[in-house]
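What follows is the content of target_28.cif, which has mmCIF, C-alpha atoms and all ligand atoms:
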data_start
loop_
_atom_site.label_atom_id
_atom_site.label_comp_id
_atom_site.auth_asym_id
_atom_site.auth_seq_id
_atom_site.Cartn_x
_atom_site.Cartn_y
_atom_site.Cartn_z
CA MET A 1 0.00 0.00 0.00
CA ASP A 2 1.27 3.46 -0.86
CA ILE A 3 2.72 5.12 2.24
CA LEU A 4 1.88 8.62 1.02
CA GLU A 5 -1.75 7.64 0.49
CA ILE A 6 -1.86 6.45 4.09
CA LEU A 7 -0.26 9.67 5.36
CA LYS A 8 -2.84 11.71 3.46
CA THR A 9 -5.38 10.48 5.97
CA VAL A 10 -3.53 12.27 8.79
CA GLN A 11 -4.77 15.80 9.18
CA HIS A 12 -3.11 18.68 10.98
CA PRO A 13 -5.80 20.18 13.24
CA GLY A 14 -3.85 23.45 13.52
CA LYS A 15 -3.68 23.96 9.74
CA GLY A 16 -7.30 23.87 8.68
CA ASP A 17 -7.28 20.08 8.72
CA LYS A 18 -4.93 19.88 5.74
CA ASN A 19 -3.11 16.58 5.60
CA LEU A 20 0.60 15.90 6.14
CA VAL A 21 1.34 15.36 2.45
CA GLU A 22 -0.45 18.52 1.37
CA LEU A 23 1.47 20.48 3.96
CA GLY A 24 4.77 19.18 2.63
CA MET A 25 5.57 17.67 6.01
CA VAL A 26 6.57 14.23 4.76
CA GLY A 27 10.31 13.90 4.24
CA ALA A 28 12.24 10.73 3.50
CA VAL A 29 10.21 7.50 3.27
CA SER A 30 11.89 4.10 3.14
CA GLU A 31 10.24 0.75 2.72
CA THR A 32 12.11 -2.49 3.23
CA PRO A 33 10.52 -5.93 3.71
CA GLY A 34 8.88 -5.88 7.11
CA LYS A 35 9.91 -2.26 7.89
CA VAL A 36 8.69 1.23 7.02
CA GLU A 37 10.49 4.39 8.04
CA VAL A 38 8.95 7.82 7.68
CA GLU A 39 10.48 11.17 8.47
CA LEU A 40 8.14 14.05 9.29
CA LEU A 41 9.44 17.56 8.67
CA PHE A 42 8.68 20.31 11.14
CA PRO A 43 9.48 23.99 10.90
CA LYS A 44 12.14 25.47 13.08
CA ASN A 45 9.72 26.78 15.67
CA ARG A 46 8.62 23.56 17.17
CA ASP A 47 5.10 22.61 16.24
CA PRO A 48 3.11 22.14 19.49
CA LEU A 49 1.25 19.34 17.77
CA ALA A 50 4.43 17.51 16.70
CA GLU A 51 4.02 14.60 19.13
CA TYR A 52 0.35 14.29 18.29
CA LEU A 53 1.13 14.16 14.55
CA ILE A 54 3.94 11.62 14.94
CA GLY A 55 1.57 9.44 16.95
CA SER A 56 -1.23 9.87 14.43
CA ALA A 57 1.06 8.99 11.54
CA ARG A 58 2.29 5.90 13.33
CA ALA A 59 -1.28 4.84 14.12
CA ALA A 60 -2.43 5.35 10.54
CA LEU A 61 0.46 3.26 9.20
CA TYR A 62 -0.10 0.62 11.84
CA ARG A 63 -3.73 0.29 10.87
CA ALA A 64 -3.10 0.17 7.14
CA LEU A 65 0.03 -2.01 6.86
CA PRO A 66 0.18 -5.78 7.35
CA ALA A 67 0.40 -6.87 10.95
CA GLY A 68 3.96 -7.26 12.20
CA THR A 69 5.46 -4.49 10.02
CA GLU A 70 8.00 -2.47 12.00
CA ILE A 71 7.02 1.21 11.85
CA VAL A 72 9.44 4.01 12.66
CA VAL A 73 8.32 7.63 12.51
CA THR A 74 10.97 10.25 13.22
CA SER A 75 10.91 14.02 13.15
CA LYS A 76 13.33 16.41 11.56
CA VAL A 77 13.57 20.18 11.58
CA ALA A 78 13.05 21.28 7.99
CA ALA A 79 15.42 23.83 6.58
CA ALA A 80 13.59 27.13 6.42
CA GLU A 81 12.37 27.91 2.93
CA PRO A 82 14.31 30.79 1.51
CA LYS A 83 11.99 33.79 1.60
CA ALA A 84 10.90 34.84 -1.86
CA LYS A 85 12.58 38.16 -2.56
CA LYS A 86 10.05 40.89 -2.91
CA PRO A 87 10.45 42.50 -6.32
CA ASN A 88 11.88 45.93 -5.88
CA VAL A 89 11.78 48.94 -8.15
CA ASN A 90 15.57 48.82 -8.29
CA ASP A 91 15.36 45.38 -9.90
CA LEU A 92 13.46 46.71 -12.89
CA THR A 93 15.24 46.02 -16.13
CA LEU A 94 15.05 47.68 -19.51
CA ASP A 95 13.50 44.55 -21.06
CA GLU A 96 10.13 46.17 -21.78
CA ILE A 97 11.65 49.05 -23.72
CA ASN A 98 14.34 47.12 -25.54
CA ASN A 99 12.16 46.97 -28.63
CA VAL A 100 11.55 50.69 -28.78
CA ARG A 101 13.49 52.52 -31.48
CA HIS A 102 13.26 56.10 -30.22
CA ILE A 103 12.50 57.15 -26.65
CA ILE A 104 11.89 60.87 -26.69
CA GLY A 105 11.05 63.18 -23.78
CA ILE A 106 8.55 65.97 -24.36
CA ALA A 107 9.65 68.72 -22.01
CA SER A 108 8.96 72.35 -21.22
CA GLY A 109 10.70 74.79 -18.92
CA LYS A 110 7.36 75.57 -17.22
CA GLY A 111 3.74 74.47 -17.06
CA GLY A 112 0.83 75.68 -19.14
CA VAL A 113 2.61 76.01 -22.48
CA GLY A 114 0.70 73.10 -24.01
CA LYS A 115 3.32 70.40 -23.52
CA SER A 116 0.75 67.66 -22.94
CA THR A 117 -1.45 68.87 -25.79
CA VAL A 118 1.55 68.67 -28.09
CA ALA A 119 2.64 65.27 -26.72
CA VAL A 120 -0.80 63.67 -27.14
CA ASN A 121 -1.42 65.09 -30.61
CA LEU A 122 2.09 64.27 -31.73
CA ALA A 123 1.59 60.66 -30.65
CA VAL A 124 -1.69 60.43 -32.55
CA ALA A 125 -0.19 62.13 -35.62
CA LEU A 126 2.81 59.76 -35.64
CA ALA A 127 0.39 56.83 -35.47
CA ARG A 128 -1.59 58.32 -38.37
CA LEU A 129 1.62 58.39 -40.36
CA GLY A 130 1.95 54.67 -39.78
CA TYR A 131 4.45 54.58 -36.90
CA ARG A 132 4.03 52.34 -33.87
CA VAL A 133 3.70 54.73 -30.96
CA GLY A 134 3.42 54.74 -27.19
CA LEU A 135 3.10 57.64 -24.80
CA ALA A 136 3.96 57.56 -21.10
CA ASP A 137 2.45 60.46 -19.20
CA ALA A 138 4.99 61.15 -16.50
CA ASP A 139 3.55 64.47 -15.42
CA VAL A 140 3.24 63.79 -11.70
CA TYR A 141 1.94 67.29 -11.03
CA GLY A 142 -1.02 67.07 -13.41
CA PRO A 143 -1.31 64.02 -15.61
CA SER A 144 -3.59 65.06 -18.45
CA VAL A 145 -3.42 62.09 -20.82
CA PRO A 146 -6.48 60.36 -19.28
CA ILE A 147 -8.70 63.40 -19.98
CA MET A 148 -7.14 64.26 -23.33
CA THR A 149 -7.64 60.72 -24.63
CA GLY A 150 -10.99 59.97 -22.96
CA THR A 151 -9.47 57.18 -20.89
CA GLU A 152 -10.21 58.59 -17.44
CA GLY A 153 -10.91 55.99 -14.79
CA VAL A 154 -9.56 53.02 -16.72
CA ASN A 155 -7.58 50.47 -14.77
CA PRO A 156 -4.61 49.12 -16.64
CA GLU A 157 -4.45 45.35 -16.42
CA ALA A 158 -1.49 43.92 -14.52
CA ILE A 159 -0.29 40.39 -15.21
CA GLU A 160 2.16 38.25 -13.27
CA GLU A 161 4.89 36.76 -15.41
CA ASP A 162 7.88 34.83 -14.06
CA GLY A 163 7.41 36.49 -10.68
CA LYS A 164 7.30 39.95 -12.26
CA THR A 165 4.34 42.26 -12.64
CA VAL A 166 3.80 43.58 -16.13
CA ILE A 167 1.33 46.40 -16.78
CA MET A 168 -0.60 46.43 -20.04
CA PRO A 169 -0.92 49.84 -21.72
CA ILE A 170 -4.29 51.23 -22.80
CA GLU A 171 -4.66 51.11 -26.57
CA LYS A 172 -6.74 53.78 -28.23
CA PHE A 173 -6.47 55.83 -31.45
CA GLY A 174 -3.67 53.51 -32.57
CA VAL A 175 -1.43 54.55 -29.66
CA LYS A 176 -0.41 52.71 -26.48
CA TRP A 177 -1.04 55.01 -23.55
CA MET A 178 0.14 54.87 -19.98
CA SER A 179 -0.35 57.59 -17.40
CA ILE A 180 0.58 58.09 -13.81
CA GLY A 181 -3.00 59.39 -13.60
CA TYR A 182 -4.42 55.86 -14.05
CA PHE A 183 -3.00 55.04 -10.63
CA ALA A 184 -4.56 57.94 -8.74
CA GLN A 185 -8.12 58.31 -7.53
CA ALA A 186 -10.19 60.50 -9.84
CA GLY A 187 -10.10 64.10 -8.71
CA GLN A 188 -7.41 63.46 -6.13
CA ALA A 189 -4.18 65.36 -6.39
CA LEU A 190 -1.17 63.12 -6.51
CA ILE A 191 0.89 63.31 -3.40
CA TRP A 192 3.92 61.63 -4.85
CA ARG A 193 6.95 63.74 -4.32
CA GLY A 194 10.67 63.18 -4.39
CA PRO A 195 11.94 59.59 -4.48
CA MET A 196 8.42 58.13 -4.34
CA ALA A 197 7.45 59.98 -7.50
CA CYS A 198 10.68 58.89 -9.17
CA ASN A 199 10.03 55.25 -8.34
CA ALA A 200 6.42 55.42 -9.47
CA LEU A 201 7.48 56.92 -12.78
CA LYS A 202 10.23 54.40 -13.28
CA GLN A 203 7.76 51.57 -12.71
CA MET A 204 5.17 53.17 -14.95
CA ILE A 205 7.62 53.18 -17.83
CA LEU A 206 9.78 50.10 -17.25
CA GLN A 207 7.01 47.68 -16.23
CA VAL A 208 4.73 48.40 -19.17
CA ARG A 209 4.44 45.91 -22.00
CA TRP A 210 5.20 48.41 -24.79
CA GLY A 211 6.11 45.76 -27.34
CA VAL A 212 7.74 46.83 -30.57
CA LEU A 213 7.51 50.59 -31.04
CA ASP A 214 9.01 53.17 -33.34
CA PHE A 215 8.45 55.97 -30.84
CA LEU A 216 7.87 56.09 -27.12
CA LEU A 217 7.13 59.66 -26.08
CA ILE A 218 7.53 60.59 -22.44
CA ASP A 219 5.38 63.52 -21.37
CA MET A 220 7.71 64.88 -18.72
CA PRO A 221 6.63 66.94 -15.72
CA PRO A 222 6.92 70.68 -16.46
CA GLY A 223 10.00 72.51 -15.26
CA THR A 224 13.41 71.21 -14.33
CA GLY A 225 14.19 69.49 -11.07
CA ASP A 226 15.20 66.31 -9.28
CA ILE A 227 12.37 64.25 -10.77
CA HIS A 228 13.52 65.22 -14.25
CA ILE A 229 17.13 64.40 -13.54
CA SER A 230 16.20 60.99 -12.17
CA LEU A 231 13.84 60.30 -15.09
CA ILE A 232 16.56 61.15 -17.58
CA GLY A 233 18.99 58.98 -15.61
CA ASP A 234 16.68 55.96 -15.30
CA ILE A 235 15.12 55.87 -18.75
CA PRO A 236 17.47 55.64 -21.70
CA MET A 237 15.96 58.56 -23.58
CA GLU A 238 17.58 59.33 -26.84
CA GLY A 239 16.76 62.98 -26.53
CA ALA A 240 13.98 65.48 -26.16
CA VAL A 241 11.62 67.90 -27.80
CA ILE A 242 11.08 71.21 -26.04
CA VAL A 243 7.71 72.89 -26.15
CA THR A 244 7.42 76.63 -25.60
CA THR A 245 5.19 79.59 -26.29
CA PRO A 246 6.71 82.37 -28.37
CA GLN A 247 6.94 85.29 -25.95
CA ALA A 248 10.33 86.65 -24.94
CA VAL A 249 9.78 85.84 -21.25
CA ALA A 250 9.64 82.15 -22.13
CA LEU A 251 13.26 82.30 -23.25
CA ALA A 252 14.68 81.73 -19.78
CA ASP A 253 12.47 78.64 -19.34
CA VAL A 254 13.55 77.23 -22.67
CA GLU A 255 17.16 77.80 -21.65
CA LYS A 256 16.59 75.78 -18.45
CA GLY A 257 15.02 72.98 -20.48
CA VAL A 258 17.88 72.99 -22.95
CA ASP A 259 20.46 72.89 -20.14
CA MET A 260 18.71 69.91 -18.59
CA PHE A 261 19.41 67.78 -21.65
CA ARG A 262 22.57 69.37 -22.96
CA ASN A 263 24.67 69.59 -19.81
CA ALA A 264 27.87 67.61 -19.79
CA LYS A 265 26.55 64.87 -17.49
CA VAL A 266 23.44 64.09 -19.53
CA ASN A 267 24.38 65.18 -23.01
CA LYS A 268 21.26 64.14 -24.89
CA LYS A 269 20.13 65.13 -28.31
CA LEU A 270 17.60 67.92 -28.69
CA PHE A 271 15.40 66.94 -31.60
CA GLY A 272 14.02 70.44 -31.74
CA LEU A 273 11.64 73.07 -30.48
CA VAL A 274 7.88 73.24 -30.88
CA GLU A 275 6.39 76.71 -30.80
CA ASN A 276 2.90 76.31 -29.41
CA MET A 277 0.33 79.10 -29.49
CA ALA A 278 2.41 80.62 -32.29
CA TRP A 279 -0.53 82.72 -33.45
CA PHE A 280 -4.26 82.90 -32.95
CA THR A 281 -6.62 81.96 -35.74
CA PRO A 282 -10.35 82.48 -35.16
CA GLU A 283 -12.54 79.64 -36.31
CA GLU A 284 -14.58 81.88 -38.61
CA LEU A 285 -11.50 83.50 -40.20
CA PRO A 286 -9.18 80.56 -40.85
CA GLN A 287 -6.85 82.65 -43.07
CA ASN A 288 -6.16 85.25 -40.39
CA LYS A 289 -3.21 85.01 -38.04
CA TYR A 290 -2.92 87.20 -34.97
CA TYR A 291 0.48 87.07 -33.31
CA ILE A 292 -0.73 87.75 -29.81
CA PHE A 293 2.43 86.51 -28.11
CA GLY A 294 4.74 88.13 -30.66
CA ARG A 295 5.93 86.89 -34.00
CA ASP A 296 8.52 84.21 -34.65
CA GLY A 297 9.65 83.89 -31.05
CA GLY A 298 10.10 80.17 -31.66
CA VAL A 299 12.19 80.73 -34.77
CA LYS A 300 14.52 83.01 -32.80
CA MET A 301 14.75 80.63 -29.83
CA ALA A 302 15.47 77.65 -32.04
CA SER A 303 18.31 79.46 -33.77
CA ARG A 304 19.64 80.82 -30.49
CA PHE A 305 19.90 77.30 -29.04
CA ASP A 306 20.98 75.82 -32.30
CA MET A 307 18.21 73.30 -32.82
CA PRO A 308 15.55 72.82 -35.46
CA LEU A 309 12.14 74.40 -35.13
CA LEU A 310 10.02 71.29 -35.58
CA GLY A 311 6.69 73.00 -35.81
CA GLN A 312 4.46 75.96 -35.08
CA ILE A 313 1.06 75.21 -33.63
CA PRO A 314 -1.59 77.96 -33.65
CA ILE A 315 -3.96 78.72 -30.83
CA VAL A 316 -7.24 77.36 -32.01
CA GLN A 317 -10.34 76.90 -29.96
CA GLY A 318 -10.73 73.40 -31.43
CA ILE A 319 -7.40 72.26 -29.98
CA ARG A 320 -8.55 73.10 -26.48
CA GLU A 321 -12.04 71.68 -27.03
CA CYS A 322 -10.71 68.43 -28.42
CA GLY A 323 -8.29 68.18 -25.50
CA ASP A 324 -11.16 68.55 -23.05
CA SER A 325 -13.43 66.11 -24.86
CA GLY A 326 -10.88 63.31 -25.09
CA GLU A 327 -10.65 63.23 -28.89
CA PRO A 328 -7.29 64.75 -29.86
CA ILE A 329 -7.59 67.15 -32.79
CA ALA A 330 -4.81 65.32 -34.65
CA LEU A 331 -7.35 62.55 -35.30
CA SER A 332 -9.57 64.83 -37.33
CA SER A 333 -9.41 66.01 -40.90
CA ARG A 334 -9.68 69.62 -39.78
CA PRO A 335 -7.01 71.99 -41.07
CA ASP A 336 -5.73 72.42 -37.50
CA ALA A 337 -4.78 68.76 -37.44
CA VAL A 338 -2.32 69.40 -40.24
CA ALA A 339 0.02 71.35 -37.96
CA PHE A 340 0.47 68.20 -35.86
CA LEU A 341 0.90 65.93 -38.87
CA ASP A 342 3.63 68.28 -40.16
CA LEU A 343 5.24 68.24 -36.74
CA ALA A 344 5.16 64.44 -36.63
CA GLN A 345 6.68 64.21 -40.09
CA ARG A 346 9.45 66.57 -39.13
CA LEU A 347 10.27 64.73 -35.90
CA ALA A 348 10.34 61.41 -37.73
CA GLN A 349 12.83 62.91 -40.20
CA GLU A 350 15.02 64.22 -37.40
CA ALA A 351 14.92 60.87 -35.61
CA ASP A 352 15.66 58.58 -38.54
P1 LIG A 401 1.07 71.82 -20.15
O1 LIG A 401 1.15 70.36 -20.40
O2 LIG A 401 2.23 72.57 -20.74
O3 LIG A 401 0.81 72.20 -18.74
P2 LIG A 401 -1.50 71.65 -21.50
O4 LIG A 401 -1.18 70.86 -22.71
O5 LIG A 401 -2.17 70.97 -20.37
O6 LIG A 401 -0.17 72.37 -20.98
O7 LIG A 401 -2.31 72.89 -22.01
C1 LIG A 401 -2.86 73.86 -21.12
C2 LIG A 401 -4.21 74.33 -21.69
O8 LIG A 401 -4.02 75.03 -22.89
C3 LIG A 401 -5.16 73.18 -22.00
O9 LIG A 401 -6.45 73.55 -21.68
C4 LIG A 401 -5.04 73.02 -23.51
O10 LIG A 401 -6.23 72.52 -24.10
C5 LIG A 401 -4.78 74.45 -23.95
N1 LIG A 401 -3.96 74.50 -25.15
C6 LIG A 401 -2.71 74.04 -25.32
N2 LIG A 401 -2.27 74.29 -26.56
C7 LIG A 401 -3.28 74.91 -27.21
C8 LIG A 401 -3.45 75.45 -28.55
N3 LIG A 401 -2.48 75.39 -29.45
N4 LIG A 401 -4.64 76.01 -28.85
C9 LIG A 401 -5.62 76.10 -27.93
N5 LIG A 401 -5.54 75.65 -26.68
C10 LIG A 401 -4.37 75.06 -26.31
#

As structure tokens, please, write out the structure in this file.
Amino acid sequence: MDILEILKTVQHPGKGDKNLVELGMVGAVSETPGKVEVELLFPKNRDPLAEYLIGSARAALYRALPAGTEIVVTSKVAAAEPKAKKPNVNDLTLDEINNVRHIIGIASGKGGVGKSTVAVNLAVALARLGYRVGLADADVYGPSVPIMTGTEGVNPEAIEEDGKTVIMPIEKFGVKWMSIGYFAQAGQALIWRGPMACNALKQMILQVRWGVLDFLLIDMPPGTGDIHISLIGDIPMEGAVIVTTPQAVALADVEKGVDMFRNAKVNKKLFGLVENMAWFTPEELPQNKYYIFGRDGGVKMASRFDMPLLGQIPIVQGIRECGDSGEPIALSSRPDAVAFLDLAQRLAQEAD
């Protein structure tokens, strides 16, 4: 008779009546003619029911085996199972972004210049041109991708794979989206600051199943600070695009942004400048251009910092409305969408 089958009838009353075999408590078993030896394994902290279990095992074997069989049940302290190492953010590898051709940060020296609007529409425009695109919204201070893409409140699926958690991006408009905003309660300000924010961002980018991409855009937090430095250090960005408005006072912010990528330690490529809100065009007068923030500020800044001007985006009511309604204007066939398609084309040229 199978010894293990017999030992399965012995339950551990302290462990929800699971049996000895289920609990992995049966060690070496030897069967010789007329003799059966069984070793029961106990954890280091002595089980108060050890004697009871040894007795029960012996009794079960005694009852089931032919009369006269010698039965020896011994106990042994089992070696403690090595504790499974908790995955740590520092263990994250670059595996998930190894198949991405260009990782490009979308940055601005300060908030409110339309960085996210440009990032989202650029991603959609690149996808319309046939590129495989992902966008990671790393703006911890105000993630806007969920609203701008109509994906507010979605919960990205997380799957366990070889002991690692992999997060699936949200696919919409032909782009793979991920946002730090998907991990915050709706309407709640994010309280991630400092190292916590850096770790959250690192996870949000390195744990996402991006797959094969031509472009992964990173919508960076506005400004320049520790979070930016750590993001640039952790994620192997090839370079960045800087978004600005044209007025002269924006120059100092652009300079800070440029320094962040061009300083000797980082030394990343600047793909170019995007001049947002370059002029105002009223919906009813599409030919008219009003240079309310001054003319050609972007052209001057680009030449001053020796980088290409990738595009000029007008202020158009539709851009704001589409941003608010979750349908980026770059999806449409409106003339305003063309500015983003031109921008995408230009960036693709600079990158390839
Ligand atoms: P940032 O990411 O730099 O903080 P956002 O992209 O969130 O800026 O833009 C701030 C606001 O300005 C949003 O309401 C957005 O819809 C609007 N906006 C940005 N660019 C334009 C534009 N070219 N025309 C009209 N509205 C714009």

Need the axis-aligned box for ligand LIG 401 (chain A) with 3 Å each side, so what are the centre and edges in Å to one decimal, as lines of an AutoDock Vina configuration file?
center_x = -2.1
center_y = 73.2
center_z = -24.1
size_x = 14.7
size_y = 11.7
size_z = 16.7

Within 8 Å of ligand LIG 401 (chain A), which residues of chain A show up? Give each one with its shortest atom-to-atom distance in Å (one decimal) and the two atoms involved, counting only C-alpha atoms and all ligand atoms, rows by chain then rising residue number, as a Markdown table.
| residue | atom | partner | partner_atom | distance |
| --- | --- | --- | --- | --- |
| A:Ser108 | CA | A:LIG401 | O2 | 6.8 |
| A:Lys110 | CA | A:LIG401 | O2 | 6.9 |
| A:Gly111 | CA | A:LIG401 | O3 | 4.1 |
| A:Gly112 | CA | A:LIG401 | O3 | 3.5 |
| A:Val113 | CA | A:LIG401 | O2 | 3.9 |
| A:Gly114 | CA | A:LIG401 | O4 | 3.2 |
| A:Lys115 | CA | A:LIG401 | O2 | 3.7 |
| A:Ser116 | CA | A:LIG401 | O1 | 3.7 |
| A:Thr117 | CA | A:LIG401 | O4 | 3.7 |
| A:Val118 | CA | A:LIG401 | O4 | 6.4 |
| A:Ala119 | CA | A:LIG401 | O4 | 7.9 |
| A:Gly142 | CA | A:LIG401 | O3 | 7.6 |
| A:Ser144 | CA | A:LIG401 | O5 | 6.4 |
| A:Pro221 | CA | A:LIG401 | O1 | 8.0 |
| A:Pro222 | CA | A:LIG401 | O2 | 6.6 |
| A:Val243 | CA | A:LIG401 | O2 | 7.7 |
| A:Asn276 | CA | A:LIG401 | N3 | 5.5 |
| A:Met277 | CA | A:LIG401 | N3 | 4.7 |
| A:Ala278 | CA | A:LIG401 | N3 | 7.7 |
| A:Ile313 | CA | A:LIG401 | N3 | 5.5 |
| A:Pro314 | CA | A:LIG401 | N3 | 5.0 |
| A:Ile315 | CA | A:LIG401 | N4 | 3.4 |
| A:Val316 | CA | A:LIG401 | N4 | 4.3 |
| A:Gln317 | CA | A:LIG401 | C9 | 5.2 |
| A:Gly318 | CA | A:LIG401 | C9 | 6.8 |
| A:Ile319 | CA | A:LIG401 | C9 | 4.7 |
| A:Arg320 | CA | A:LIG401 | O10 | 3.4 |
| A:Glu321 | CA | A:LIG401 | O10 | 6.6 |
| A:Cys322 | CA | A:LIG401 | O10 | 7.4 |
| A:Gly323 | CA | A:LIG401 | O10 | 5.0 |
| A:Asp324 | CA | A:LIG401 | O10 | 6.4 |

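For the choices A:Leu310, A:Met1, A:Ala125, A:Met204, the atom-to-atom distance to Thr244 in chain A is smallest for A:Leu310 when using only C-alpha atoms.
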
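Comparing the minimum interatomic distances between Leu135 in chain A and each of A:Ile167, A:Met178, A:Ile54, A:Ala252, counting only C-alpha atoms, we find that A:Met178 sits nearest.
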
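Nearest residue to Gln345 in chain A, choosing from A:Leu92, A:Ala330, A:Leu231, A:Leu129 and counting all atoms listed in the file: A:Leu129.
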
- Long-range neighbours of Phe305 in chain A as a PyMOL selection string, 10 Å cut-off, all atoms listed in the file, 4 positions minimum in chain: chain A and resi 254-255+258-259+270+272-273+300-301

When you get a chance, write out all heavy atoms for range 3-10 of chain A, as a PDB file, in the coordinates of the input.
ATOM      1  N   ILE A   3       2.538   4.445   0.936  1.00  0.00           N
ATOM      2  CA  ILE A   3       2.720   5.120   2.240  1.00  0.00           C
ATOM      3  C   ILE A   3       2.133   6.532   2.206  1.00  0.00           C
ATOM      4  O   ILE A   3       1.477   6.980   3.154  1.00  0.00           O
ATOM      5  CB  ILE A   3       4.233   5.179   2.577  1.00  0.00           C
ATOM      6  CG1 ILE A   3       4.850   3.774   2.573  1.00  0.00           C
ATOM      7  CG2 ILE A   3       4.471   5.881   3.917  1.00  0.00           C
ATOM      8  CD1 ILE A   3       4.262   2.830   3.589  1.00  0.00           C
ATOM      9  N   LEU A   4       2.375   7.233   1.099  1.00  0.00           N
ATOM     10  CA  LEU A   4       1.880   8.620   1.020  1.00  0.00           C
ATOM     11  C   LEU A   4       0.350   8.669   1.084  1.00  0.00           C
ATOM     12  O   LEU A   4      -0.222   9.554   1.724  1.00  0.00           O
ATOM     13  CB  LEU A   4       2.367   9.312  -0.248  1.00  0.00           C
ATOM     14  CG  LEU A   4       3.865   9.674  -0.260  1.00  0.00           C
ATOM     15  CD1 LEU A   4       4.220  10.406  -1.544  1.00  0.00           C
ATOM     16  CD2 LEU A   4       4.271  10.496   0.950  1.00  0.00           C
ATOM     17  N   GLU A   5      -0.281   7.690   0.433  1.00  0.00           N
ATOM     18  CA  GLU A   5      -1.750   7.640   0.490  1.00  0.00           C
ATOM     19  C   GLU A   5      -2.226   7.485   1.926  1.00  0.00           C
ATOM     20  O   GLU A   5      -3.218   8.071   2.349  1.00  0.00           O
ATOM     21  CB  GLU A   5      -2.285   6.493  -0.373  1.00  0.00           C
ATOM     22  CG  GLU A   5      -2.214   6.752  -1.873  1.00  0.00           C
ATOM     23  CD  GLU A   5      -2.908   8.046  -2.279  1.00  0.00           C
ATOM     24  OE1 GLU A   5      -4.036   8.282  -1.811  1.00  0.00           O
ATOM     25  OE2 GLU A   5      -2.305   8.828  -3.044  1.00  0.00           O
ATOM     26  N   ILE A   6      -1.471   6.661   2.677  1.00  0.00           N
ATOM     27  CA  ILE A   6      -1.860   6.450   4.090  1.00  0.00           C
ATOM     28  C   ILE A   6      -1.671   7.747   4.877  1.00  0.00           C
ATOM     29  O   ILE A   6      -2.542   8.165   5.660  1.00  0.00           O
ATOM     30  CB  ILE A   6      -0.994   5.330   4.727  1.00  0.00           C
ATOM     31  CG1 ILE A   6      -1.163   4.033   3.934  1.00  0.00           C
ATOM     32  CG2 ILE A   6      -1.340   5.154   6.211  1.00  0.00           C
ATOM     33  CD1 ILE A   6      -0.167   2.945   4.318  1.00  0.00           C
ATOM     34  N   LEU A   7      -0.548   8.452   4.593  1.00  0.00           N
ATOM     35  CA  LEU A   7      -0.260   9.670   5.360  1.00  0.00           C
ATOM     36  C   LEU A   7      -1.219  10.820   4.992  1.00  0.00           C
ATOM     37  O   LEU A   7      -1.390  11.757   5.766  1.00  0.00           O
ATOM     38  CB  LEU A   7       1.199  10.089   5.157  1.00  0.00           C
ATOM     39  CG  LEU A   7       2.208   9.094   5.761  1.00  0.00           C
ATOM     40  CD1 LEU A   7       3.622   9.462   5.361  1.00  0.00           C
ATOM     41  CD2 LEU A   7       2.075   9.031   7.295  1.00  0.00           C
ATOM     42  N   LYS A   8      -1.847  10.685   3.842  1.00  0.00           N
ATOM     43  CA  LYS A   8      -2.840  11.710   3.460  1.00  0.00           C
ATOM     44  C   LYS A   8      -4.063  11.669   4.366  1.00  0.00           C
ATOM     45  O   LYS A   8      -4.853  12.606   4.399  1.00  0.00           O
ATOM     46  CB  LYS A   8      -3.290  11.485   2.000  1.00  0.00           C
ATOM     47  CG  LYS A   8      -2.340  12.112   0.987  1.00  0.00           C
ATOM     48  CD  LYS A   8      -2.921  11.972  -0.404  1.00  0.00           C
ATOM     49  CE  LYS A   8      -1.889  12.354  -1.447  1.00  0.00           C
ATOM     50  NZ  LYS A   8      -2.301  11.976  -2.785  1.00  0.00           N
ATOM     51  N   THR A   9      -4.209  10.565   5.079  1.00  0.00           N
ATOM     52  CA  THR A   9      -5.380  10.480   5.970  1.00  0.00           C
ATOM     53  C   THR A   9      -5.111  11.148   7.319  1.00  0.00           C
ATOM     54  O   THR A   9      -5.999  11.265   8.144  1.00  0.00           O
ATOM     55  CB  THR A   9      -5.755   8.997   6.222  1.00  0.00           C
ATOM     56  OG1 THR A   9      -4.657   8.377   6.909  1.00  0.00           O
ATOM     57  CG2 THR A   9      -6.034   8.248   4.926  1.00  0.00           C
ATOM     58  N   VAL A  10      -3.852  11.616   7.498  1.00  0.00           N
ATOM     59  CA  VAL A  10      -3.530  12.270   8.790  1.00  0.00           C
ATOM     60  C   VAL A  10      -3.615  13.778   8.605  1.00  0.00           C
ATOM     61  O   VAL A  10      -2.866  14.376   7.847  1.00  0.00           O
ATOM     62  CB  VAL A  10      -2.112  11.865   9.267  1.00  0.00           C
ATOM     63  CG1 VAL A  10      -1.811  12.510  10.614  1.00  0.00           C
ATOM     64  CG2 VAL A  10      -1.986  10.352   9.343  1.00  0.00           C
TER      65      VAL A  10
END
